[in-house]
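Source file: entry_38.cif. Holds: mmCIF, C-alpha atoms and all ligand atoms.
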data_my_file
loop_
_atom_site.group_PDB
_atom_site.id
_atom_site.type_symbol
_atom_site.label_atom_id
_atom_site.label_comp_id
_atom_site.auth_asym_id
_atom_site.auth_seq_id
_atom_site.Cartn_x
_atom_site.Cartn_y
_atom_site.Cartn_z
ATOM 1 C CA MET T 1 -0.736 -89.572 -10.099
ATOM 2 C CA ARG T 2 -0.471 -88.912 -6.368
ATOM 3 C CA PHE T 3 -2.675 -91.863 -5.472
ATOM 4 C CA GLU T 4 -1.417 -94.582 -7.831
ATOM 5 C CA ASP T 5 -2.864 -97.922 -6.632
ATOM 6 C CA LYS T 6 -3.968 -96.444 -3.304
ATOM 7 C CA ARG T 7 -7.100 -98.117 -1.975
ATOM 8 C CA VAL T 8 -9.516 -95.326 -1.115
ATOM 9 C CA VAL T 9 -12.973 -95.380 0.508
ATOM 10 C CA ILE T 10 -15.108 -92.228 0.111
ATOM 11 C CA THR T 11 -18.479 -91.734 1.806
ATOM 12 C CA GLY T 12 -21.162 -89.426 0.432
ATOM 13 C CA GLY T 13 -19.704 -90.157 -3.010
ATOM 14 C CA SER T 14 -22.762 -89.028 -4.971
ATOM 15 C CA GLY T 15 -22.985 -85.642 -3.265
ATOM 16 C CA GLY T 16 -21.628 -82.258 -4.300
ATOM 17 C CA ILE T 17 -18.154 -82.517 -2.796
ATOM 18 C CA GLY T 18 -18.300 -86.322 -2.867
ATOM 19 C CA HIS T 19 -18.589 -86.876 -6.607
ATOM 20 C CA THR T 20 -15.744 -84.408 -7.148
ATOM 21 C CA LEU T 21 -13.626 -86.429 -4.721
ATOM 22 C CA VAL T 22 -14.463 -89.751 -6.372
ATOM 23 C CA GLU T 23 -13.412 -88.404 -9.778
ATOM 24 C CA LEU T 24 -10.280 -86.685 -8.420
ATOM 25 C CA PHE T 25 -8.968 -89.801 -6.669
ATOM 26 C CA ALA T 26 -9.847 -92.059 -9.630
ATOM 27 C CA ARG T 27 -8.061 -89.684 -12.038
ATOM 28 C CA GLU T 28 -4.988 -89.732 -9.851
ATOM 29 C CA GLY T 29 -4.692 -93.514 -10.009
ATOM 30 C CA ALA T 30 -6.567 -94.644 -6.876
ATOM 31 C CA LYS T 31 -8.735 -97.726 -6.595
ATOM 32 C CA VAL T 32 -11.889 -96.036 -5.322
ATOM 33 C CA LEU T 33 -14.766 -97.644 -3.442
ATOM 34 C CA PHE T 34 -17.458 -95.069 -2.785
ATOM 35 C CA SER T 35 -20.596 -95.134 -0.693
ATOM 36 C CA ASP T 36 -23.909 -93.307 -0.746
ATOM 37 C CA ARG T 37 -27.540 -93.909 0.132
ATOM 38 C CA SER T 38 -29.131 -94.370 -3.287
ATOM 39 C CA ILE T 39 -28.025 -97.269 -5.444
ATOM 40 C CA GLU T 40 -29.330 -95.428 -8.529
ATOM 41 C CA ASP T 41 -27.194 -92.364 -7.784
ATOM 42 C CA CYS T 42 -24.161 -94.597 -7.233
ATOM 43 C CA GLU T 43 -24.804 -96.417 -10.507
ATOM 44 C CA ASP T 44 -25.187 -93.099 -12.365
ATOM 45 C CA LEU T 45 -21.894 -91.767 -11.025
ATOM 46 C CA SER T 46 -20.060 -94.995 -11.704
ATOM 47 C CA GLU T 47 -21.429 -95.032 -15.272
ATOM 48 C CA THR T 48 -20.553 -91.355 -15.891
ATOM 49 C CA LEU T 49 -16.992 -91.946 -14.707
ATOM 50 C CA SER T 50 -16.725 -95.143 -16.699
ATOM 51 C CA GLN T 51 -17.563 -93.146 -19.833
ATOM 52 C CA LYS T 52 -14.577 -90.952 -18.963
ATOM 53 C CA GLY T 53 -12.375 -94.062 -18.706
ATOM 54 C CA LEU T 54 -12.368 -94.097 -14.890
ATOM 55 C CA GLU T 55 -13.307 -97.361 -13.194
ATOM 56 C CA THR T 56 -14.703 -97.163 -9.657
ATOM 57 C CA SER T 57 -16.745 -99.420 -7.409
ATOM 58 C CA PHE T 58 -19.455 -98.627 -4.910
ATOM 59 C CA LEU T 59 -21.498 -100.109 -2.093
ATOM 60 C CA ALA T 60 -24.781 -98.284 -1.473
ATOM 61 C CA GLY T 61 -26.261 -98.199 2.013
ATOM 62 C CA ASP T 62 -27.302 -96.155 5.017
ATOM 63 C CA LEU T 63 -24.487 -94.857 7.207
ATOM 64 C CA ARG T 64 -26.914 -94.641 10.140
ATOM 65 C CA GLN T 65 -26.624 -98.429 10.292
ATOM 66 C CA LYS T 66 -23.544 -99.698 12.117
ATOM 67 C CA PRO T 67 -23.507 -103.036 10.199
ATOM 68 C CA TYR T 68 -23.385 -101.120 6.902
ATOM 69 C CA CYS T 69 -20.398 -99.035 8.090
ATOM 70 C CA GLU T 70 -18.510 -102.163 9.101
ATOM 71 C CA THR T 71 -19.460 -103.968 5.892
ATOM 72 C CA LEU T 72 -18.172 -101.045 3.824
ATOM 73 C CA ILE T 73 -14.666 -101.427 5.257
ATOM 74 C CA ALA T 74 -14.834 -105.239 5.027
ATOM 75 C CA HIS T 75 -15.874 -104.823 1.392
ATOM 76 C CA ALA T 76 -12.827 -102.624 0.729
ATOM 77 C CA VAL T 77 -10.565 -105.234 2.299
ATOM 78 C CA GLU T 78 -12.155 -108.018 0.258
ATOM 79 C CA LYS T 79 -12.444 -106.248 -3.092
ATOM 80 C CA LEU T 80 -9.512 -103.813 -3.016
ATOM 81 C CA GLY T 81 -7.192 -105.881 -0.806
ATOM 82 C CA GLY T 82 -7.084 -103.300 2.005
ATOM 83 C CA ILE T 83 -7.598 -99.630 2.702
ATOM 84 C CA ASP T 84 -4.976 -96.885 2.545
ATOM 85 C CA ILE T 85 -7.178 -93.780 2.642
ATOM 86 C CA LEU T 86 -10.585 -93.193 4.235
ATOM 87 C CA ILE T 87 -12.482 -90.021 3.330
ATOM 88 C CA ASN T 88 -15.429 -89.431 5.662
ATOM 89 C CA ASN T 89 -17.266 -86.866 3.558
ATOM 90 C CA ALA T 90 -20.969 -87.783 3.983
ATOM 91 C CA GLY T 91 -23.036 -85.451 6.100
ATOM 92 C CA ILE T 92 -26.512 -84.096 6.740
ATOM 93 C CA ILE T 93 -27.659 -80.736 8.020
ATOM 94 C CA PRO T 94 -30.817 -80.798 10.130
ATOM 95 C CA ARG T 95 -31.763 -77.159 10.634
ATOM 96 C CA GLY T 96 -33.163 -75.584 13.783
ATOM 97 C CA ASN T 97 -32.555 -74.434 17.333
ATOM 98 C CA ILE T 98 -33.059 -76.903 20.177
ATOM 99 C CA LEU T 99 -36.811 -76.312 20.379
ATOM 100 C CA GLU T 100 -37.166 -77.035 16.668
ATOM 101 C CA THR T 101 -34.960 -80.139 16.764
ATOM 102 C CA THR T 102 -36.840 -83.432 16.984
ATOM 103 C CA ASP T 103 -35.327 -86.604 18.415
ATOM 104 C CA ASP T 104 -35.034 -87.933 14.885
ATOM 105 C CA MET T 105 -33.135 -84.833 13.661
ATOM 106 C CA TRP T 106 -30.767 -85.016 16.631
ATOM 107 C CA PHE T 107 -30.046 -88.744 16.398
ATOM 108 C CA SER T 108 -29.750 -88.636 12.599
ATOM 109 C CA ALA T 109 -27.182 -85.829 12.755
ATOM 110 C CA LEU T 110 -25.127 -87.712 15.312
ATOM 111 C CA ASP T 111 -25.520 -91.023 13.462
ATOM 112 C CA VAL T 112 -24.404 -89.746 10.048
ATOM 113 C CA ASN T 113 -21.980 -86.962 10.988
ATOM 114 C CA LEU T 114 -20.311 -88.617 13.989
ATOM 115 C CA ASN T 115 -21.211 -92.239 14.780
ATOM 116 C CA ALA T 116 -20.661 -93.504 11.227
ATOM 117 C CA VAL T 117 -17.195 -91.926 11.253
ATOM 118 C CA PHE T 118 -16.476 -93.664 14.562
ATOM 119 C CA PHE T 119 -17.561 -97.069 13.178
ATOM 120 C CA LEU T 120 -15.702 -96.610 9.883
ATOM 121 C CA CYS T 121 -12.479 -95.471 11.567
ATOM 122 C CA ARG T 122 -12.650 -98.248 14.145
ATOM 123 C CA ALA T 123 -12.925 -100.801 11.344
ATOM 124 C CA ALA T 124 -10.297 -99.191 9.084
ATOM 125 C CA ILE T 125 -7.542 -98.370 11.583
ATOM 126 C CA PRO T 126 -6.532 -102.011 12.287
ATOM 127 C CA GLN T 127 -6.048 -102.481 8.532
ATOM 128 C CA MET T 128 -3.879 -99.371 8.382
ATOM 129 C CA GLN T 129 -1.950 -100.446 11.483
ATOM 130 C CA VAL T 130 -0.942 -103.687 9.759
ATOM 131 C CA ALA T 131 0.306 -101.670 6.792
ATOM 132 C CA GLY T 132 1.969 -99.120 9.105
ATOM 133 C CA ASP T 133 0.556 -96.404 6.903
ATOM 134 C CA GLY T 134 -2.747 -94.675 6.279
ATOM 135 C CA ALA T 135 -4.622 -91.402 6.025
ATOM 136 C CA ILE T 136 -8.091 -90.457 7.179
ATOM 137 C CA VAL T 137 -9.698 -87.146 6.241
ATOM 138 C CA ASN T 138 -12.964 -86.168 7.909
ATOM 139 C CA THR T 139 -15.211 -83.343 6.781
ATOM 140 C CA SER T 140 -16.174 -81.217 9.755
ATOM 141 C CA SER T 141 -17.195 -77.590 9.228
ATOM 142 C CA THR T 142 -16.296 -74.095 10.359
ATOM 143 C CA TRP T 143 -19.552 -74.443 12.284
ATOM 144 C CA GLY T 144 -17.936 -77.307 14.192
ATOM 145 C CA ILE T 145 -15.290 -74.843 15.423
ATOM 146 C CA TYR T 146 -17.447 -71.697 15.743
ATOM 147 C CA PRO T 147 -21.090 -72.844 16.009
ATOM 148 C CA GLY T 148 -23.523 -70.777 13.928
ATOM 149 C CA PRO T 149 -27.131 -69.959 14.805
ATOM 150 C CA ASP T 150 -30.130 -72.303 14.665
ATOM 151 C CA HIS T 151 -28.300 -75.503 13.654
ATOM 152 C CA VAL T 152 -27.834 -77.115 17.057
ATOM 153 C CA ALA T 153 -27.673 -80.754 15.904
ATOM 154 C CA TYR T 154 -25.378 -80.014 12.960
ATOM 155 C CA CYS T 155 -22.940 -77.808 14.874
ATOM 156 C CA THR T 156 -22.768 -80.218 17.808
ATOM 157 C CA SER T 157 -22.115 -83.213 15.556
ATOM 158 C CA LYS T 158 -19.429 -81.370 13.577
ATOM 159 C CA ALA T 159 -17.751 -80.114 16.762
ATOM 160 C CA ALA T 160 -17.633 -83.681 18.065
ATOM 161 C CA LEU T 161 -16.201 -84.793 14.723
ATOM 162 C CA ALA T 162 -13.455 -82.176 15.020
ATOM 163 C CA ALA T 163 -12.656 -83.505 18.513
ATOM 164 C CA LEU T 164 -12.700 -87.112 17.267
ATOM 165 C CA THR T 165 -10.259 -86.117 14.530
ATOM 166 C CA LYS T 166 -7.814 -84.648 17.031
ATOM 167 C CA CYS T 167 -8.135 -87.707 19.323
ATOM 168 C CA LEU T 168 -7.460 -90.163 16.515
ATOM 169 C CA GLY T 169 -4.684 -88.032 15.070
ATOM 170 C CA ARG T 170 -2.926 -88.052 18.441
ATOM 171 C CA ASP T 171 -3.576 -91.725 19.257
ATOM 172 C CA HIS T 172 -2.569 -93.223 15.918
ATOM 173 C CA ALA T 173 0.278 -91.019 14.748
ATOM 174 C CA GLN T 174 2.695 -93.649 16.068
ATOM 175 C CA ASP T 175 0.974 -96.219 13.817
ATOM 176 C CA GLY T 176 1.862 -94.134 10.763
ATOM 177 C CA ILE T 177 -1.779 -93.128 10.390
ATOM 178 C CA ARG T 178 -2.548 -89.450 9.856
ATOM 179 C CA VAL T 179 -6.037 -88.250 10.762
ATOM 180 C CA ASN T 180 -7.095 -84.726 9.815
ATOM 181 C CA ALA T 181 -10.275 -82.809 9.102
ATOM 182 C CA VAL T 182 -11.233 -80.142 6.639
ATOM 183 C CA CYS T 183 -13.576 -77.445 7.953
ATOM 184 C CA PRO T 184 -15.213 -75.625 5.040
ATOM 185 C CA ASN T 185 -17.259 -72.487 5.331
ATOM 186 C CA GLU T 186 -19.991 -72.187 2.652
ATOM 187 C CA VAL T 187 -19.713 -74.551 -0.339
ATOM 188 C CA ASN T 188 -21.854 -74.383 -3.470
ATOM 189 C CA THR T 189 -23.644 -77.745 -3.207
ATOM 190 C CA ALA T 190 -27.198 -79.014 -2.762
ATOM 191 C CA MET T 191 -26.672 -78.935 1.003
ATOM 192 C CA LEU T 192 -26.159 -75.160 1.004
ATOM 193 C CA ARG T 193 -28.771 -74.424 -1.670
ATOM 194 C CA SER T 194 -31.426 -76.451 0.223
ATOM 195 C CA GLY T 195 -31.266 -73.867 3.014
ATOM 196 C CA PHE T 196 -32.210 -71.062 0.600
ATOM 197 C CA ILE T 197 -34.928 -73.111 -1.089
ATOM 198 C CA ARG T 198 -36.397 -73.892 2.348
ATOM 199 C CA ARG T 199 -36.676 -70.130 3.017
ATOM 200 C CA GLY T 200 -38.197 -69.454 -0.432
ATOM 201 C CA ILE T 201 -35.050 -67.691 -1.717
ATOM 202 C CA ASP T 202 -33.735 -68.244 -5.249
ATOM 203 C CA PRO T 203 -30.538 -70.269 -4.681
ATOM 204 C CA VAL T 204 -28.707 -68.917 -7.763
ATOM 205 C CA THR T 205 -29.087 -65.284 -6.690
ATOM 206 C CA ALA T 206 -28.398 -66.207 -3.072
ATOM 207 C CA VAL T 207 -25.127 -67.969 -3.944
ATOM 208 C CA GLU T 208 -24.036 -64.918 -5.984
ATOM 209 C CA ASP T 209 -24.906 -62.557 -3.122
ATOM 210 C CA LEU T 210 -23.157 -64.783 -0.605
ATOM 211 C CA GLY T 211 -20.039 -64.709 -2.771
ATOM 212 C CA LYS T 212 -19.848 -60.933 -2.287
ATOM 213 C CA THR T 213 -19.403 -61.515 1.470
ATOM 214 C CA VAL T 214 -16.273 -63.631 0.922
ATOM 215 C CA PRO T 215 -12.937 -61.759 0.667
ATOM 216 C CA LEU T 216 -11.799 -64.149 -2.107
ATOM 217 C CA GLY T 217 -14.935 -63.154 -4.039
ATOM 218 C CA HIS T 218 -17.000 -66.349 -4.167
ATOM 219 C CA ILE T 219 -18.146 -69.158 -1.909
ATOM 220 C CA ALA T 220 -16.194 -72.395 -2.338
ATOM 221 C CA GLU T 221 -16.884 -74.634 -5.288
ATOM 222 C CA PRO T 222 -16.709 -78.377 -4.470
ATOM 223 C CA GLU T 223 -13.357 -78.661 -6.283
ATOM 224 C CA GLU T 224 -11.820 -76.092 -3.934
ATOM 225 C CA ILE T 225 -12.651 -78.299 -0.942
ATOM 226 C CA ALA T 226 -11.834 -81.586 -2.681
ATOM 227 C CA ASP T 227 -8.342 -80.269 -3.494
ATOM 228 C CA VAL T 228 -7.658 -79.594 0.199
ATOM 229 C CA ILE T 229 -8.960 -83.043 1.164
ATOM 230 C CA ALA T 230 -6.720 -84.641 -1.477
ATOM 231 C CA PHE T 231 -3.738 -82.672 -0.164
ATOM 232 C CA LEU T 232 -4.422 -83.887 3.390
ATOM 233 C CA ALA T 233 -4.675 -87.471 2.125
ATOM 234 C CA SER T 234 -1.470 -87.195 0.086
ATOM 235 C CA HIS T 235 2.208 -87.656 0.873
ATOM 236 C CA ASP T 236 2.605 -83.870 0.576
ATOM 237 C CA ALA T 237 0.804 -83.595 3.938
ATOM 238 C CA ARG T 238 3.014 -86.229 5.603
ATOM 239 C CA TYR T 239 3.716 -83.972 8.606
ATOM 240 C CA VAL T 240 0.104 -82.811 9.045
ATOM 241 C CA CYS T 241 -1.685 -84.873 11.681
ATOM 242 C CA GLY T 242 -4.574 -84.244 14.093
ATOM 243 C CA GLU T 243 -5.413 -80.906 12.477
ATOM 244 C CA THR T 244 -8.716 -79.239 11.636
ATOM 245 C CA VAL T 245 -8.018 -77.153 8.557
ATOM 246 C CA GLU T 246 -10.361 -74.209 8.011
ATOM 247 C CA VAL T 247 -11.083 -73.408 4.355
ATOM 248 C CA THR T 248 -12.987 -70.139 4.238
ATOM 249 C CA GLY T 249 -11.796 -67.818 1.448
ATOM 250 C CA ALA T 250 -10.846 -65.544 4.393
ATOM 251 C CA LYS T 251 -14.503 -65.084 5.385
ATOM 252 C CA PRO T 252 -14.938 -64.940 9.139
ATOM 253 C CA VAL T 253 -17.654 -67.203 10.438
ATOM 254 C CA TYR T 254 -20.973 -65.543 11.198
ATOM 255 C CA GLY T 255 -20.803 -63.811 14.558
HETATM 256 N N1 LIG T 301 -22.063 -77.365 1.538
HETATM 257 C C1 LIG T 301 -21.563 -76.679 2.547
HETATM 258 O O1 LIG T 301 -21.750 -75.449 2.632
HETATM 259 C C2 LIG T 301 -20.725 -77.377 3.597
HETATM 260 C C3 LIG T 301 -20.039 -76.578 4.543
HETATM 261 C C4 LIG T 301 -19.267 -77.198 5.525
HETATM 262 C C5 LIG T 301 -19.191 -78.585 5.567
HETATM 263 N N2 LIG T 301 -19.879 -79.330 4.642
HETATM 264 C C6 LIG T 301 -19.779 -80.803 4.751
HETATM 265 O O2 LIG T 301 -19.282 -81.320 3.531
HETATM 266 C C7 LIG T 301 -19.706 -82.683 3.402
HETATM 267 C C8 LIG T 301 -20.248 -82.914 2.013
HETATM 268 O O3 LIG T 301 -21.436 -82.129 1.875
HETATM 269 P P1 LIG T 301 -21.993 -81.544 0.482
HETATM 270 O O4 LIG T 301 -22.013 -80.094 0.634
HETATM 271 O O5 LIG T 301 -21.293 -82.177 -0.646
HETATM 272 O O6 LIG T 301 -23.508 -82.028 0.607
HETATM 273 P P2 LIG T 301 -24.348 -83.072 -0.229
HETATM 274 O O7 LIG T 301 -25.683 -83.105 0.429
HETATM 275 O O8 LIG T 301 -24.271 -82.747 -1.676
HETATM 276 O O9 LIG T 301 -23.566 -84.445 -0.003
HETATM 277 C C9 LIG T 301 -23.700 -85.231 1.180
HETATM 278 C C10 LIG T 301 -23.796 -86.691 0.764
HETATM 279 O O10 LIG T 301 -23.896 -87.517 1.959
HETATM 280 C C11 LIG T 301 -24.833 -88.535 1.683
HETATM 281 N N3 LIG T 301 -25.482 -89.057 2.888
HETATM 282 C C12 LIG T 301 -26.240 -88.334 3.752
HETATM 283 N N4 LIG T 301 -26.779 -89.161 4.664
HETATM 284 C C13 LIG T 301 -26.353 -90.421 4.380
HETATM 285 C C14 LIG T 301 -26.594 -91.695 4.957
HETATM 286 N N5 LIG T 301 -27.399 -91.858 6.019
HETATM 287 N N6 LIG T 301 -25.994 -92.766 4.408
HETATM 288 C C15 LIG T 301 -25.197 -92.635 3.322
HETATM 289 N N7 LIG T 301 -24.931 -91.444 2.720
HETATM 290 C C16 LIG T 301 -25.514 -90.348 3.243
HETATM 291 C C17 LIG T 301 -25.893 -87.848 0.795
HETATM 292 O O11 LIG T 301 -26.708 -88.777 0.098
HETATM 293 C C18 LIG T 301 -25.053 -86.961 -0.088
HETATM 294 O O12 LIG T 301 -24.707 -87.585 -1.304
HETATM 295 C C19 LIG T 301 -20.724 -82.910 4.523
HETATM 296 O O13 LIG T 301 -20.119 -83.611 5.587
HETATM 297 C C20 LIG T 301 -21.096 -81.499 4.946
HETATM 298 O O14 LIG T 301 -21.547 -81.440 6.279
HETATM 299 C C21 LIG T 301 -20.620 -78.765 3.668
#
Represent the structure from my file as structure tokens, please.
Amino acid sequence: MRFEDKRVVITGGSGGIGHTLVELFAREGAKVLFSDRSIEDCEDLSETLSQKGLETSFLAGDLRQKPYCETLIAHAVEKLGGIDILINNAGIIPRGNILETTDDMWFSALDVNLNAVFFLCRAAIPQMQVAGDGAIVNTSSTWGIYPGPDHVAYCTSKAALAALTKCLGRDHAQDGIRVNAVCPNEVNTAMLRSGFIRRGIDPVTAVEDLGKTVPLGHIAEPEEIADVIAFLASHDARYVCGETVEVTGAKPVYG
């Protein structure tokens, strides 16, 4: 029970890594408020967890909207009594080089992957400062550290998120707030599989083939990323601050 009575906000809670995180934190005693776009998906997850004896709450909305980001933190303060841990997990992956990237793709990537994190952190940090304690874990990507091909909006947004993480980690360490990021390589979620489907490739076979390129023998399952995020949010990582932690199964990023 590493997170007994901790008040935790998780974005992208209905997604592949997100729903694993919501369950993990709830199982370990946290009071979880999660966020995602679709109210139906949030209700389904909440109901599924409730059937397992895990009570969670959610606030559905669009992270591209600044008022929603600020309301999410205000909601945590009102309903949970504060916020101890913020997990910025939501993300989107517009695909294409610069010539294929529309204004909407560019602004959406920056809005969801970067600006929402800025608004959420700016609202949450004063709450954590009062408590003199807090942890924020952002989900960047190996492609935020070593940009891959033909994903200009995604890589740029994740690189900026990695920089934001280091800035906040440095600026707020003296407040007792630790800010870190996890940088996964390939993870077996809808986000990854959508890339294969888009190219007309069977995602099951593609995930198996991709696993053969990873020294540890498989691409990451959501649990293998969620466990690292939980570690970074936990007391066990009390001396880890301002870091971008690469989680790759020893696979070098595409060159
Ligand atoms: N899957 C991978 O290979 C991989 C690799 C590196 C990093 N990541 C990162 O991991 C995180 C989780 O991704 P995932 O793989 O679980 O993908 P996913 O698509 O399953 O989950 C992302 C979630 O974010 C939510 N979201 C997107 N836009 C939103 C918006 N405007 N408002 C509210 N919610 C919104 C989605 O609805 C979804 O539930 C993302 O930040 C992603 O960039 C994933």
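Note that atom CA of Asp150 of chain T and atom CA of Thr102 of chain T are 13.2 Å apart.
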key: Given 7 Å and all atoms listed in the file, residues near ligand LIG 301 (chain T) as a ChimeraX atom specification   = /T:11-18,35-38,61-64,89-93,112-113,139-142,183-192
query = Applied to this file, what does the PyMOL selection byres (((chain T and resi 81) around 12) and not hetatm) return in terms of residues, put as number ranges by chain?
reply = T: 5-8, 31-33, 73-80, 82-84, 127-128, 131
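With distances restricted to all atoms listed in the file, T:Lys66 is the closest residue to Ala123 of chain T from T:Arg2, T:Arg238, T:Lys212, T:Lys66.
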Exercise on segment 38-57 of chain T, axis-aligned box with 5 Å per side, report centre and edge lengths in Å to one decimal, as AutoDock Vina command-line options:
--center_x -20.8 --center_y -95.2 --center_z -11.6 --size_x 27.0 --size_y 18.5 --size_z 26.5
message = Residue by residue, what does the PyMOL selection byres (((chain T and resi 214-216) around 7) and not hetatm) grab here? Present the result as a ChimeraX atom specification.
response = /T:211-213,217-219,249-251
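Candidate residues T:Tyr239, T:Phe25, T:Tyr154, T:Phe196 were compared for distance to Asn97 of chain T, and the nearest is T:Tyr154, using all atoms listed in the file.
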request  = Given the file shown, determine the residues that the PyMOL selection byres (((chain T and resi 178) around 6) and not hetatm) selects; report them as a VMD selection string.
outcome  = chain T and resid 135 169 173 177 179 241
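Relative to atom CA of Ile125 of chain T, atom CA of Thr156 of chain T is found at 24.5 Å.
Here atom CA of Ala230 of chain T and atom CA of Pro94 of chain T stand 27.0 Å from one another.
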inquiry  = Could you check the closest approach to Ser234 of chain T for each of T:Cys155, T:Asp133, T:Gly195, T:Asp104 and tell me which residue wins, using all atoms listed in the file?
reply    = T:Asp133
Considering all atoms listed in the file, tabulate each residue of segment 58-112 of chain T that lies at most 9 Å from segment 40-46 of chain T along with its nearest interatomic pair and the corresponding distance in Å to one decimal; arrange the rows by chain and ascending residue number and present them as CSV.
residue,atom,partner,partner_atom,distance
T:Phe58,CA,T:Cys42,CA,6.6
T:Leu59,CA,T:Cys42,CA,8.0
T:Ala60,CA,T:Cys42,CA,6.9
ask   = Which of these, T:Ser194, T:Thr244, T:Asn115, T:Thr56, has the shortest distance to Ala26 of chain T once you count only C-alpha atoms?
value = T:Thr56
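Taking only C-alpha atoms, the non-local environment of Phe3 of chain T within 6 Å (same-chain residues fewer than 5 positions away omitted) comprises Glu28, Gly29 and Ala30 of chain T.
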query = Hey, which of T:Asp202, T:Glu100, T:Pro149, T:His172 ends up closest to Gly132 of chain T? Count all atoms listed in the file.
reply = T:His172
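Take the candidates T:Gly134, T:Gly200, T:Pro126, T:Gly96 and check each one against His235 of chain T using only C-alpha atoms; the shortest distance goes to T:Gly134.
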Just save segment 78-90 of chain T with N, CA and C atoms, as a compact mmCIF listing (two decimals), in the first residue's frame.
# COMPACT_ATOMS: atom_id res chain seq x y z
N GLU T 78 -11.34 20.07 -4.32
CA GLU T 78 -12.68 20.09 -3.70
C GLU T 78 -13.11 18.69 -3.24
N LYS T 79 -12.93 17.71 -4.11
CA LYS T 79 -13.47 16.37 -3.82
C LYS T 79 -12.52 15.49 -3.01
N LEU T 80 -11.21 15.64 -3.27
CA LEU T 80 -10.25 14.78 -2.56
C LEU T 80 -9.58 15.51 -1.40
N GLY T 81 -9.75 16.84 -1.36
CA GLY T 81 -9.13 17.62 -0.28
C GLY T 81 -7.71 18.09 -0.60
N GLY T 82 -7.26 17.88 -1.83
CA GLY T 82 -5.92 18.31 -2.23
C GLY T 82 -5.37 17.40 -3.31
N ILE T 83 -4.10 17.56 -3.59
CA ILE T 83 -3.47 16.70 -4.60
C ILE T 83 -2.02 16.43 -4.18
N ASP T 84 -1.69 15.16 -4.07
CA ASP T 84 -0.34 14.75 -3.68
C ASP T 84 0.48 14.31 -4.89
N ILE T 85 -0.20 13.70 -5.86
CA ILE T 85 0.50 13.12 -7.02
C ILE T 85 -0.28 13.47 -8.29
N LEU T 86 0.44 13.96 -9.28
CA LEU T 86 -0.16 14.26 -10.59
C LEU T 86 0.56 13.43 -11.64
N ILE T 87 -0.21 12.62 -12.36
CA ILE T 87 0.36 11.77 -13.41
C ILE T 87 -0.16 12.29 -14.76
N ASN T 88 0.71 12.94 -15.50
CA ASN T 88 0.35 13.47 -16.81
C ASN T 88 0.66 12.41 -17.87
N ASN T 89 -0.32 11.55 -18.08
CA ASN T 89 -0.13 10.38 -18.96
C ASN T 89 -0.78 10.55 -20.33
N ALA T 90 -1.81 11.39 -20.44
CA ALA T 90 -2.54 11.52 -21.72
C ALA T 90 -1.60 11.97 -22.83
